[in-house]
4 protein chains.
Amino acid sequence: MSTQEPAQRPLVISAPAPRDLDLIFTANARKDLQRRYDIHEVDGERLDELPDNVLAEARYIIGQPSISPELLDRLSSLRCVFNVEGNLIDNMPYDRLFERGIHVVTTLSVFAQPVAEIGLCFALNMLRDVVEADTAFRDGREDWGLASNQDARLLFGSDVGIVGYGEIGRALHRLLAAFHVKLSVFDPWLPASTIRDAGAEPVDFDSLFSKNDVVFIAAAVTTKNQGFIDEKTIRMMRPDASLILLSRADVVDFDALIAAVKEGRIRAASDVFPQEPMPYDHPVRQLPGFLKSAHRAGALDSAFKKMGDLVLEDMALLDRGLPPVRCKRAERETVSLMRSRPVSVN
Amino acid sequence: MSTQEPAQRPLVISAPAPRDLDLIFTANARKDLQRRYDIHEVDGERLDELPDNVLAEARYIIGQPSISPELLDRLSSLRCVFNVEGNLIDNMPYDRLFERGIHVVTTLSVFAQPVAEIGLCFALNMLRDVVEADTAFRDGREDWGLASNQDARLLFGSDVGIVGYGEIGRALHRLLAAFHVKLSVFDPWLPASTIRDAGAEPVDFDSLFSKNDVVFIAAAVTTKNQGFIDEKTIRMMRPDASLILLSRADVVDFDALIAAVKEGRIRAASDVFPQEPMPYDHPVRQLPGFLKSAHRAGALDSAFKKMGDLVLEDMALLDRGLPPVRCKRAERETVSLMRSRPVSVN
Amino acid sequence: MSTQEPAQRPLVISAPAPRDLDLIFTANARKDLQRRYDIHEVDGERLDELPDNVLAEARYIIGQPSISPELLDRLSSLRCVFNVEGNLIDNMPYDRLFERGIHVVTTLSVFAQPVAEIGLCFALNMLRDVVEADTAFRDGREDWGLASNQDARLLFGSDVGIVGYGEIGRALHRLLAAFHVKLSVFDPWLPASTIRDAGAEPVDFDSLFSKNDVVFIAAAVTTKNQGFIDEKTIRMMRPDASLILLSRADVVDFDALIAAVKEGRIRAASDVFPQEPMPYDHPVRQLPGFLKSAHRAGALDSAFKKMGDLVLEDMALLDRGLPPVRCKRAERETVSLMRSRPVSVN
Amino acid sequence: MSTQEPAQRPLVISAPAPRDLDLIFTANARKDLQRRYDIHEVDGERLDELPDNVLAEARYIIGQPSISPELLDRLSSLRCVFNVEGNLIDNMPYDRLFERGIHVVTTLSVFAQPVAEIGLCFALNMLRDVVEADTAFRDGREDWGLASNQDARLLFGSDVGIVGYGEIGRALHRLLAAFHVKLSVFDPWLPASTIRDAGAEPVDFDSLFSKNDVVFIAAAVTTKNQGFIDEKTIRMMRPDASLILLSRADVVDFDALIAAVKEGRIRAASDVFPQEPMPYDHPVRQLPGFLKSAHRAGALDSAFKKMGDLVLEDMALLDRGLPPVRCKRAERETVSLMRSRPVSVN
């Protein structure tokens, strides 16, 4: 044993399914993890079979296994659960965790930049019809110059709305700033002043949809907002506006969205779908004006690898008795509202 | 005659072909133009047929007609030629114009933002394979999540190069800043300090191509740089790097570019082509990894309309005896080097 | 009673001493507070004399009165303590509050912008010797032009360090960004990546002091860092560097700081002093090269008034079952480390 | 002779008085200058005594000596006059220079950043009364905390105006951006759109003075604007607003400015004075609320040294037949309007 190492390394339980440690740690980060901690890799479903002394010593859990109240009592040294899937589901007694001062944190923020980048790409594609122009060029039916730009518009100076001003919404805002857009935001969990201080205009739900050229949906699904972007909402959108869906299909009435695009009222791009994969004969697959992306906005290898960095950095703080700052903490008030379905594939 | 109007309005000769006044002025701007000036619309090729007194009074020319030294002598009150096509060709005695203190200005800057926006869109499309993912989705052969992102990369933090730091290069820089890229620039007409002050790294030509993930070509064609991005240059690029051509096809050895994409060494996107339209049986039309755009990057109606605004604003300054600041002035030293072919269609 | 008002307004206990409600609420905000809540104003020292039913109904406390464990038990509906003095002292059972999920929040962030602005002003004054130049001008002994600028330096491009990257440090960073400084930060409570992501360089304590032209001290006092900027630290500073103290005098060996300025090794500016007021015969009062400010960096009326806004906005969120986002939450891990002496005057 | 050197180096006439080469070139830059060019140092008043062949070969002049039309004829290879004093006076036949395509450029831009930094410093000093607070502290009559801040205000979010949007105005704008001020600009030589594109509000002269909390004067003196900020203008200013004079005293009715400060209507800071030095018994010297700076805003050694860099960089471009881009070119239209008195001391 190296002289720099403590005689006894803190104990970590690893149960990151559907992720695995090789996905979320680079080779170097994984070495660092193993050098600093005593890692017990387990099947999350058999966590309660671990010996009492292991459970009693475990300082951290990497993963989001089911934890019963009884099991939690046996985890007497636990300081933090690192949910690396990202969605908080109803499989552990959060109240009891918070009472004991155990942090529950997610690493979802790693997806903010990849999602924002592809979101901006979708928006520019919509405004300039890039996919259609490329396809037409392949087929020898392209228009040249001004003739091909009848509906083309600049993003610069346009009216843009974001629904949900979390990590993704903020990352989008940073990318949009250079375009000098008039940005409005709807986020019912934030006071107007927070949005205003960030340089955007807080607006009500209807204004957000009725007064923008491009609308990004970056709101998480909760128990309260399923399908809240409904047919009436979509009908309020400006003619030829673009709706770009980046969070979860459940927040939108997907059939109404498809209908609006089909009628040529608006354009849409979506990274998420009510069924994944969508049925192979579903008409949205061939629908012009609807840009499709197969849940690939966030799932970059570099994003997954960043998860491990966040975990290691926050463990280092927690080891020193400090609160975590890199991962996002679940909140007592909102944890039970979260209802994004976890992914089954990475 | 309104009392606010001068008894005699300054005389303007209008010969903007291939543009026309309706293309470059909004209805309101055109009214303003006509209210403020006495407009003589002429066929540029028959300019010398205008009566002497009209030529002698003309303060401005909107357009880029051929002007012989003799004709210029007759244009004794001329203050400024507004070249609204944008490319400076060898059809007027620039030296004599400059000697007399007559400005020759272009309105090309209106294209900087549209070109930069689609340029960024091309780059993000390359890095995230958005067109191919959408096409695959249509065909029911899409991969989901991580599986579809094997080659995907963030723009954030990547190495980006720009060749030519004029209006387009600077507009791109502004859009790229939020991505925290390491930006290098090659521009032989600028000292290193200008590029450094702007927040980019001035590099030599070879480094620009060999050390970046994304390379934007925004350099104008001159008598000296035709084909300067040749096979050897392209061969220096990083594996899987993206070359995005936004200025003129003549600066690149287009066959070498196509070959490099065909061999899978790099990716490319281009808005310009050695022949426009390209032959309908040209293999680049079907080439995977080569995003095609039919000279449509700049040609937005809103860009053309902005030309008229620039012209009106600078005329107002010149009327007051001040130098123009909105249009870009041709320079005595470089005007004869310019060799972009003018457009024949808008 | 207006029909928009709930039959019963939530109950708020107000004990903000040394502040008072008129200091921290504008007239309009105070009206809003009273319209929305049933306010019980009390002397913080006699809180336990309130009737049981009032204590049992109290949803919020504005202020930082002493709370015994017994008293806390009687506060059975309490959701949040709004500490408007800002310093967290050992006068309530924080652990028990956190266990029950009661937030303890401070409104200190209102001081970040005023402190950052005067901090920047101090720095520019040091670099350009503005106070001395004005004083000399009064006395008719001023030098003109270059002669008066022998030691003058630009902030632009200089090396700047910040100790403590909390609200003040971040506000300073925002103001410094336009000066293109090379910013290094020391903050032992944050991982390097957080500082790096914010665009600064995380450095160790010694480097921060030895490698900068200007050093801002914005670190809170804790049980562990009293006097940590000691004689040895100050001796490491670059010749003629400036130390600007914005947080609390207790973090610095003040005598050593004075000695270093007296010897002409460095310059200093300070808003805080080991005794306030400093003894009237203390030599620092006349010390050249030491800019003095009588604890006035944050205490702007507009800052105090903003406190009330933060309180109202977070109450609105908490009323809806959401977590507070405008005030800063005390953390279970660090609350007991805080040892800034509360102010006795505003 | 080194093999890298051309057999014959281009000839430069150096007559930079009141500057000298050691002031404007670093040791290394001066070596570079001498390596690249054949330098003839002369007394500007005896320029015409140089032999014909020297005059005929001179490619550049560093300095601003008087040049008669006859002398200009003898300077047959001249490409550029580098005016390193900065003010353009009526001592050479500018029209004839421009006719021949000879550039006349100034290096005034080196002062923009130093002037902007001290200008911001003045503004913050005014808003927070830093000089008075320090002076009071020395005298043992300081107020502590809120009591000392009765008139203190944030720069953040305030209304700020700039008169003259040249290099200094733009440098100020960059520094002010982080303060989220509402910036208005008055500049009669620029169209509204230029100011608007830069992110400021173009306003008329009266609005600029009547609707701002802080007004910066950065306008050059011309034949047309002497004393244009007169008593009536100053009377329009908001009560307790600050006027900060950074360009030339001649643009302001200085007596009216002093009177307004004396009456306590506004505050002022000035770097320039109608007489320099001001008479030693002039009442402005003791005037409270008037911050005085003895023409020291720009005159930093680092600024002077940057002049040499600009000259070398533009010479390198001109040597290659390209136009200069680092120095600012005099304009045919405005050169004769310029009437700043040159400095006699650096």
# chains A, B, ... in the order shown; residues from 1 in each chain; ligands from 1
$ interface_residues --of "chain B" --to "chain D" --cutoff "6 Å" --atoms "only C-alpha atoms" --output "short mmCIF file (atom, residue, chain, number, x, y, z; two decimals) with N, CA, C and O atoms, in the first residue's frame"
data_model
loop_
_atom_site.label_atom_id
_atom_site.label_comp_id
_atom_site.auth_asym_id
_atom_site.auth_seq_id
_atom_site.Cartn_x
_atom_site.Cartn_y
_atom_site.Cartn_z
N GLU B 99 -8.13 59.22 -56.31
CA GLU B 99 -7.42 60.50 -56.40
C GLU B 99 -8.38 61.66 -56.18
O GLU B 99 -8.07 62.62 -55.47
N LEU B 322 -19.56 64.23 -44.34
CA LEU B 322 -18.86 63.27 -43.48
C LEU B 322 -18.54 62.00 -44.26
O LEU B 322 -19.20 61.71 -45.25
N GLU B 333 -5.15 50.04 -52.17
CA GLU B 333 -4.11 49.01 -52.25
C GLU B 333 -4.65 47.66 -52.71
O GLU B 333 -3.93 46.88 -53.33
#
$ residues_around --residues "Arg36 (chain A)" --least-positions-apart "2" --cutoff "10 Å" --atoms "only C-alpha atoms" --output "MDAnalysis selection string"
chainID A and resid 5:6 8:12 30:34 38:39 312 315:316
$ write_last_selection --atoms "C-alpha atoms" --output "compact mmCIF listing (two decimals), in the first residue's frame"
# COMPACT_ATOMS: atom_id res chain seq x y z
CA GLU A 5 -3.00 6.20 0.93
CA PRO A 6 -5.07 6.12 4.09
CA GLN A 8 -8.63 2.44 5.25
CA ARG A 9 -10.30 3.92 2.19
CA PRO A 10 -13.92 5.04 2.40
CA LEU A 11 -16.34 2.46 1.11
CA VAL A 12 -18.41 3.04 -2.01
CA ARG A 30 -11.63 5.02 -12.73
CA LYS A 31 -8.08 4.46 -11.46
CA ASP A 32 -8.47 7.51 -9.30
CA LEU A 33 -11.78 6.21 -7.96
CA GLN A 34 -10.25 2.88 -7.07
CA ASP A 38 -12.92 0.77 -1.60
CA ILE A 39 -15.44 -0.06 -4.34
CA LEU A 312 -15.19 12.24 -7.97
CA MET A 315 -16.88 12.90 -3.22
CA ALA A 316 -13.68 14.85 -2.53
$ atom_distance --atom1 "CA of Ile89 (chain B)" --atom2 "CA of Ala297 (chain B)"
22.0 Å
$ atom_distance --atom1 "CA of Phe209 (chain C)" --atom2 "CA of Ala268 (chain C)"
13.3 Å
$ residues_around --residues "Glu57 (chain A)" --least-positions-apart "4" --cutoff "8 Å" --atoms "only C-alpha atoms" --output "MDAnalysis selection string"
chainID A and resid 10:11 53 75:78
$ write_last_selection --atoms "N, CA and C atoms" --output "mmCIF file, in the first residue's frame"
data_model
loop_
_atom_site.group_PDB
_atom_site.id
_atom_site.type_symbol
_atom_site.label_atom_id
_atom_site.label_comp_id
_atom_site.auth_asym_id
_atom_site.auth_seq_id
_atom_site.Cartn_x
_atom_site.Cartn_y
_atom_site.Cartn_z
ATOM 1 N N PRO A 10 -12.466 5.008 2.243
ATOM 2 C CA PRO A 10 -13.919 5.037 2.399
ATOM 3 C C PRO A 10 -14.577 4.045 1.445
ATOM 4 N N LEU A 11 -15.690 3.519 1.870
ATOM 5 C CA LEU A 11 -16.340 2.463 1.114
ATOM 6 C C LEU A 11 -17.439 3.040 0.213
ATOM 7 N N ASN A 53 -21.774 -5.190 7.779
ATOM 8 C CA ASN A 53 -20.638 -4.294 7.993
ATOM 9 C C ASN A 53 -20.317 -3.477 6.744
ATOM 10 N N LEU A 75 -27.691 1.373 6.280
ATOM 11 C CA LEU A 75 -26.676 2.227 5.633
ATOM 12 C C LEU A 75 -26.362 3.395 6.571
ATOM 13 N N SER A 76 -25.739 3.098 7.668
ATOM 14 C CA SER A 76 -25.671 4.096 8.741
ATOM 15 C C SER A 76 -24.615 5.177 8.526
ATOM 16 N N SER A 77 -23.682 4.980 7.582
ATOM 17 C CA SER A 77 -22.660 6.016 7.329
ATOM 18 C C SER A 77 -22.897 6.760 6.020
ATOM 19 N N LEU A 78 -24.012 6.460 5.401
ATOM 20 C CA LEU A 78 -24.231 6.995 4.055
ATOM 21 C C LEU A 78 -24.273 8.522 4.057
#
$ select_by_dssp --residues "region 195-271 of chain C" --states "strand (DSSP E)" --output "ChimeraX atom specification"
/C:201-202,214-217,242-245,267-270
$ select_by_dssp --residues "region 100-248 of chain C" --states "helix (DSSP H, G or I)" --output "VMD selection string"
chain C and resid 108 to 128 130 to 138 145 to 149 167 to 179 192 to 197 205 to 210 231 to 235
$ residues_around --residues "region 139-146 of chain D" --least-positions-apart "3" --cutoff "7 Å" --atoms "only C-alpha atoms" --output "PyMOL selection string"
(chain C and resi 280+294-296+299-300+346) or (chain D and resi 133+135-136+149-150)
$ residues_around --residues "Met338 (chain B)" --least-positions-apart "2" --cutoff "9 Å" --atoms "only C-alpha atoms" --output "list of chain:residue names"
B:Asn87, B:Leu88, B:Ile89, B:Asp90, B:Ala220, B:Val221, B:Thr222, B:Thr223, B:Thr334, B:Val335, B:Ser336, B:Ser340
$ residues_around --residues "region 241-257 of chain B" --least-positions-apart "4" --cutoff "8 Å" --atoms "only C-alpha atoms" --output "PyMOL selection string"
chain B and resi 115+119+122-123+126+212-221+225-231+234+237+261+265-274+297+340
$ write_last_selection --atoms "N, CA and C atoms" --output "CSV table (one decimal), in the first residue's frame"
chain,number,residue,atom,x,y,z
B,115,VAL,N,-24.5,34.3,-43.4
B,115,VAL,CA,-23.5,33.3,-43.8
B,115,VAL,C,-22.9,32.7,-42.5
B,119,GLY,N,-23.2,28.8,-41.5
B,119,GLY,CA,-21.9,28.2,-41.3
B,119,GLY,C,-21.8,27.5,-40.0
B,122,PHE,N,-23.9,24.4,-40.3
B,122,PHE,CA,-23.2,23.3,-41.0
B,122,PHE,C,-22.2,22.6,-40.0
B,123,ALA,N,-21.5,23.4,-39.2
B,123,ALA,CA,-20.5,22.8,-38.3
B,123,ALA,C,-21.2,21.9,-37.3
B,126,MET,N,-22.3,18.7,-39.0
B,126,MET,CA,-21.2,17.8,-39.2
B,126,MET,C,-20.8,17.0,-37.9
B,212,ASN,N,-6.9,21.8,-36.3
B,212,ASN,CA,-8.2,22.2,-35.9
B,212,ASN,C,-9.2,21.0,-36.2
B,213,ASP,N,-10.3,21.0,-35.5
B,213,ASP,CA,-11.4,20.1,-35.7
B,213,ASP,C,-12.4,20.6,-36.7
B,214,VAL,N,-12.5,21.9,-36.7
B,214,VAL,CA,-13.4,22.5,-37.7
B,214,VAL,C,-12.7,23.7,-38.4
B,215,VAL,N,-12.7,23.7,-39.7
B,215,VAL,CA,-12.1,24.8,-40.4
B,215,VAL,C,-13.1,25.5,-41.3
B,216,PHE,N,-13.3,26.8,-41.0
B,216,PHE,CA,-14.2,27.6,-41.9
B,216,PHE,C,-13.4,28.4,-42.9
B,217,ILE,N,-13.8,28.4,-44.1
B,217,ILE,CA,-13.1,29.1,-45.2
B,217,ILE,C,-14.0,30.3,-45.5
B,218,ALA,N,-13.5,31.5,-45.1
B,218,ALA,CA,-14.3,32.7,-45.4
B,218,ALA,C,-13.4,33.8,-46.1
B,219,ALA,N,-12.4,33.3,-46.8
B,219,ALA,CA,-11.5,34.2,-47.5
B,219,ALA,C,-12.0,34.5,-48.9
B,220,ALA,N,-11.9,35.8,-49.3
B,220,ALA,CA,-12.3,36.2,-50.6
B,220,ALA,C,-11.3,35.7,-51.6
B,221,VAL,N,-11.7,35.6,-52.8
B,221,VAL,CA,-10.8,35.2,-53.9
B,221,VAL,C,-10.0,36.5,-54.4
B,225,ASN,N,-4.7,34.1,-54.6
B,225,ASN,CA,-5.0,33.0,-53.8
B,225,ASN,C,-5.9,31.9,-54.4
B,226,GLN,N,-6.0,31.9,-55.7
B,226,GLN,CA,-6.9,30.9,-56.4
B,226,GLN,C,-6.3,29.5,-56.1
B,227,GLY,N,-7.2,28.7,-55.6
B,227,GLY,CA,-6.8,27.3,-55.4
B,227,GLY,C,-5.7,27.1,-54.3
B,228,PHE,N,-5.6,28.1,-53.4
B,228,PHE,CA,-4.5,28.0,-52.4
B,228,PHE,C,-4.8,26.9,-51.4
B,229,ILE,N,-6.0,26.5,-51.2
B,229,ILE,CA,-6.3,25.4,-50.4
B,229,ILE,C,-6.3,24.1,-51.3
B,230,ASP,N,-5.1,23.6,-51.4
B,230,ASP,CA,-4.9,22.5,-52.4
B,230,ASP,C,-4.8,21.1,-51.7
B,231,GLU,N,-4.5,20.2,-52.5
B,231,GLU,CA,-4.5,18.8,-52.1
B,231,GLU,C,-3.7,18.6,-50.8
B,234,ILE,N,-5.3,20.1,-47.7
B,234,ILE,CA,-6.4,19.2,-47.3
B,234,ILE,C,-5.9,18.0,-46.6
B,237,MET,N,-5.2,18.0,-42.8
B,237,MET,CA,-6.3,18.2,-41.8
B,237,MET,C,-6.3,16.9,-40.9
B,261,VAL,N,-13.2,13.7,-48.9
B,261,VAL,CA,-14.4,13.3,-48.2
B,261,VAL,C,-14.7,11.9,-48.7
B,265,ARG,N,-11.6,10.7,-45.1
B,265,ARG,CA,-10.6,11.3,-44.2
B,265,ARG,C,-11.2,12.5,-43.5
B,266,ILE,N,-12.0,13.3,-44.2
B,266,ILE,CA,-12.6,14.5,-43.5
B,266,ILE,C,-14.1,14.6,-43.9
B,267,ARG,N,-14.8,15.6,-43.3
B,267,ARG,CA,-16.1,15.9,-43.7
B,267,ARG,C,-16.1,17.3,-44.3
B,268,ALA,N,-17.1,17.6,-45.1
B,268,ALA,CA,-17.1,18.9,-45.7
B,268,ALA,C,-18.6,19.4,-45.9
B,269,ALA,N,-18.7,20.7,-45.9
B,269,ALA,CA,-19.9,21.4,-46.2
B,269,ALA,C,-19.6,22.5,-47.1
B,270,SER,N,-20.4,22.8,-48.1
B,270,SER,CA,-20.0,23.9,-49.0
B,270,SER,C,-21.3,24.6,-49.5
B,271,ASP,N,-21.2,25.9,-49.5
B,271,ASP,CA,-22.3,26.7,-50.1
B,271,ASP,C,-22.0,27.2,-51.5
B,272,VAL,N,-20.7,26.9,-52.0
B,272,VAL,CA,-20.3,27.4,-53.3
B,272,VAL,C,-19.7,26.3,-54.1
B,273,PHE,N,-19.8,26.4,-55.4
B,273,PHE,CA,-19.3,25.3,-56.2
B,273,PHE,C,-18.6,25.8,-57.4
B,274,PRO,N,-17.7,25.0,-58.0
B,274,PRO,CA,-16.9,25.5,-59.1
B,274,PRO,C,-17.8,25.8,-60.3
B,297,ALA,N,-26.3,30.7,-48.7
B,297,ALA,CA,-25.9,31.1,-47.3
B,297,ALA,C,-26.3,32.6,-47.0
B,340,SER,N,-13.4,37.9,-56.9
B,340,SER,CA,-14.6,37.1,-56.8
B,340,SER,C,-15.4,37.3,-58.1
$ atom_distance --atom1 "CA of Val130 (chain B)" --atom2 "CA of Pro288 (chain A)"
15.2 Å
$ closest_residue --among "C:Leu176, C:Phe290, C:Pro277, C:Ile13" --to "Lys262 (chain C)" --atoms "only C-alpha atoms"
C:Phe290
$ closest_residue --among "D:Glu49, D:Gly199, D:Leu291, D:Phe304" --to "Asn125 (chain D)" --atoms "only C-alpha atoms"
D:Leu291
$ residues_around --residues "region 283-286 of chain D" --least-positions-apart "2" --cutoff "7 Å" --atoms "only C-alpha atoms" --output "mmCIF file with C-alpha atoms, in the first residue's frame"
data_model
loop_
_atom_site.group_PDB
_atom_site.id
_atom_site.type_symbol
_atom_site.label_atom_id
_atom_site.label_comp_id
_atom_site.auth_asym_id
_atom_site.auth_seq_id
_atom_site.Cartn_x
_atom_site.Cartn_y
_atom_site.Cartn_z
ATOM 1 C CA PHE C 137 -4.181 69.084 -7.083
ATOM 2 C CA ARG C 138 -5.995 70.686 -4.163
ATOM 3 C CA ILE D 258 -17.642 74.758 -11.887
ATOM 4 C CA ASP D 281 -5.245 80.186 -6.830
ATOM 5 C CA PRO D 288 -15.726 69.748 -3.104
#
$ decode --residues "region 268-282 of chain B" --atoms "N, CA, C and O atoms" --output "PDB file, in the first residue's frame"
ATOM      1  N   ALA B 268     -17.106  17.581 -45.128  1.00  0.00           N
ATOM      2  CA  ALA B 268     -17.139  18.917 -45.718  1.00  0.00           C
ATOM      3  C   ALA B 268     -18.569  19.399 -45.863  1.00  0.00           C
ATOM      4  O   ALA B 268     -19.517  18.610 -45.952  1.00  0.00           O
ATOM      5  N   ALA B 269     -18.685  20.716 -45.868  1.00  0.00           N
ATOM      6  CA  ALA B 269     -19.944  21.368 -46.227  1.00  0.00           C
ATOM      7  C   ALA B 269     -19.568  22.529 -47.124  1.00  0.00           C
ATOM      8  O   ALA B 269     -18.549  23.182 -46.899  1.00  0.00           O
ATOM      9  N   SER B 270     -20.364  22.762 -48.144  1.00  0.00           N
ATOM     10  CA  SER B 270     -20.030  23.889 -49.016  1.00  0.00           C
ATOM     11  C   SER B 270     -21.279  24.588 -49.512  1.00  0.00           C
ATOM     12  O   SER B 270     -22.269  23.947 -49.870  1.00  0.00           O
ATOM     13  N   ASP B 271     -21.198  25.892 -49.538  1.00  0.00           N
ATOM     14  CA  ASP B 271     -22.272  26.712 -50.082  1.00  0.00           C
ATOM     15  C   ASP B 271     -21.964  27.151 -51.513  1.00  0.00           C
ATOM     16  O   ASP B 271     -22.824  27.717 -52.184  1.00  0.00           O
ATOM     17  N   VAL B 272     -20.750  26.907 -51.963  1.00  0.00           N
ATOM     18  CA  VAL B 272     -20.331  27.399 -53.281  1.00  0.00           C
ATOM     19  C   VAL B 272     -19.671  26.273 -54.058  1.00  0.00           C
ATOM     20  O   VAL B 272     -19.090  25.360 -53.476  1.00  0.00           O
ATOM     21  N   PHE B 273     -19.759  26.365 -55.379  1.00  0.00           N
ATOM     22  CA  PHE B 273     -19.317  25.267 -56.213  1.00  0.00           C
ATOM     23  C   PHE B 273     -18.601  25.819 -57.443  1.00  0.00           C
ATOM     24  O   PHE B 273     -18.882  26.946 -57.884  1.00  0.00           O
ATOM     25  N   PRO B 274     -17.685  25.031 -57.995  1.00  0.00           N
ATOM     26  CA  PRO B 274     -16.931  25.515 -59.148  1.00  0.00           C
ATOM     27  C   PRO B 274     -17.838  25.809 -60.348  1.00  0.00           C
ATOM     28  O   PRO B 274     -17.530  26.681 -61.160  1.00  0.00           O
ATOM     29  N   GLN B 275     -18.923  25.074 -60.477  1.00  0.00           N
ATOM     30  CA  GLN B 275     -19.956  25.429 -61.448  1.00  0.00           C
ATOM     31  C   GLN B 275     -21.263  25.548 -60.680  1.00  0.00           C
ATOM     32  O   GLN B 275     -21.551  24.723 -59.809  1.00  0.00           O
ATOM     33  N   GLU B 276     -22.023  26.551 -61.022  1.00  0.00           N
ATOM     34  CA  GLU B 276     -23.294  26.710 -60.324  1.00  0.00           C
ATOM     35  C   GLU B 276     -24.388  26.891 -61.359  1.00  0.00           C
ATOM     36  O   GLU B 276     -24.380  27.893 -62.070  1.00  0.00           O
ATOM     37  N   PRO B 277     -25.317  25.951 -61.549  1.00  0.00           N
ATOM     38  CA  PRO B 277     -25.389  24.688 -60.799  1.00  0.00           C
ATOM     39  C   PRO B 277     -24.303  23.698 -61.205  1.00  0.00           C
ATOM     40  O   PRO B 277     -23.793  23.755 -62.325  1.00  0.00           O
ATOM     41  N   MET B 278     -23.978  22.829 -60.275  1.00  0.00           N
ATOM     42  CA  MET B 278     -23.065  21.735 -60.588  1.00  0.00           C
ATOM     43  C   MET B 278     -23.758  20.826 -61.607  1.00  0.00           C
ATOM     44  O   MET B 278     -24.983  20.717 -61.609  1.00  0.00           O
ATOM     45  N   PRO B 279     -22.971  20.166 -62.465  1.00  0.00           N
ATOM     46  CA  PRO B 279     -23.575  19.210 -63.402  1.00  0.00           C
ATOM     47  C   PRO B 279     -24.454  18.208 -62.647  1.00  0.00           C
ATOM     48  O   PRO B 279     -24.099  17.774 -61.554  1.00  0.00           O
ATOM     49  N   TYR B 280     -25.564  17.863 -63.254  1.00  0.00           N
ATOM     50  CA  TYR B 280     -26.526  17.027 -62.535  1.00  0.00           C
ATOM     51  C   TYR B 280     -26.037  15.606 -62.320  1.00  0.00           C
ATOM     52  O   TYR B 280     -26.566  14.875 -61.502  1.00  0.00           O
ATOM     53  N   ASP B 281     -24.984  15.239 -63.044  1.00  0.00           N
ATOM     54  CA  ASP B 281     -24.455  13.882 -62.830  1.00  0.00           C
ATOM     55  C   ASP B 281     -23.152  13.909 -62.027  1.00  0.00           C
ATOM     56  O   ASP B 281     -22.447  12.921 -61.956  1.00  0.00           O
ATOM     57  N   HIS B 282     -22.864  15.053 -61.418  1.00  0.00           N
ATOM     58  CA  HIS B 282     -21.599  15.144 -60.680  1.00  0.00           C
ATOM     59  C   HIS B 282     -21.670  14.290 -59.407  1.00  0.00           C
ATOM     60  O   HIS B 282     -22.650  14.363 -58.661  1.00  0.00           O
TER      61      HIS B 282
END
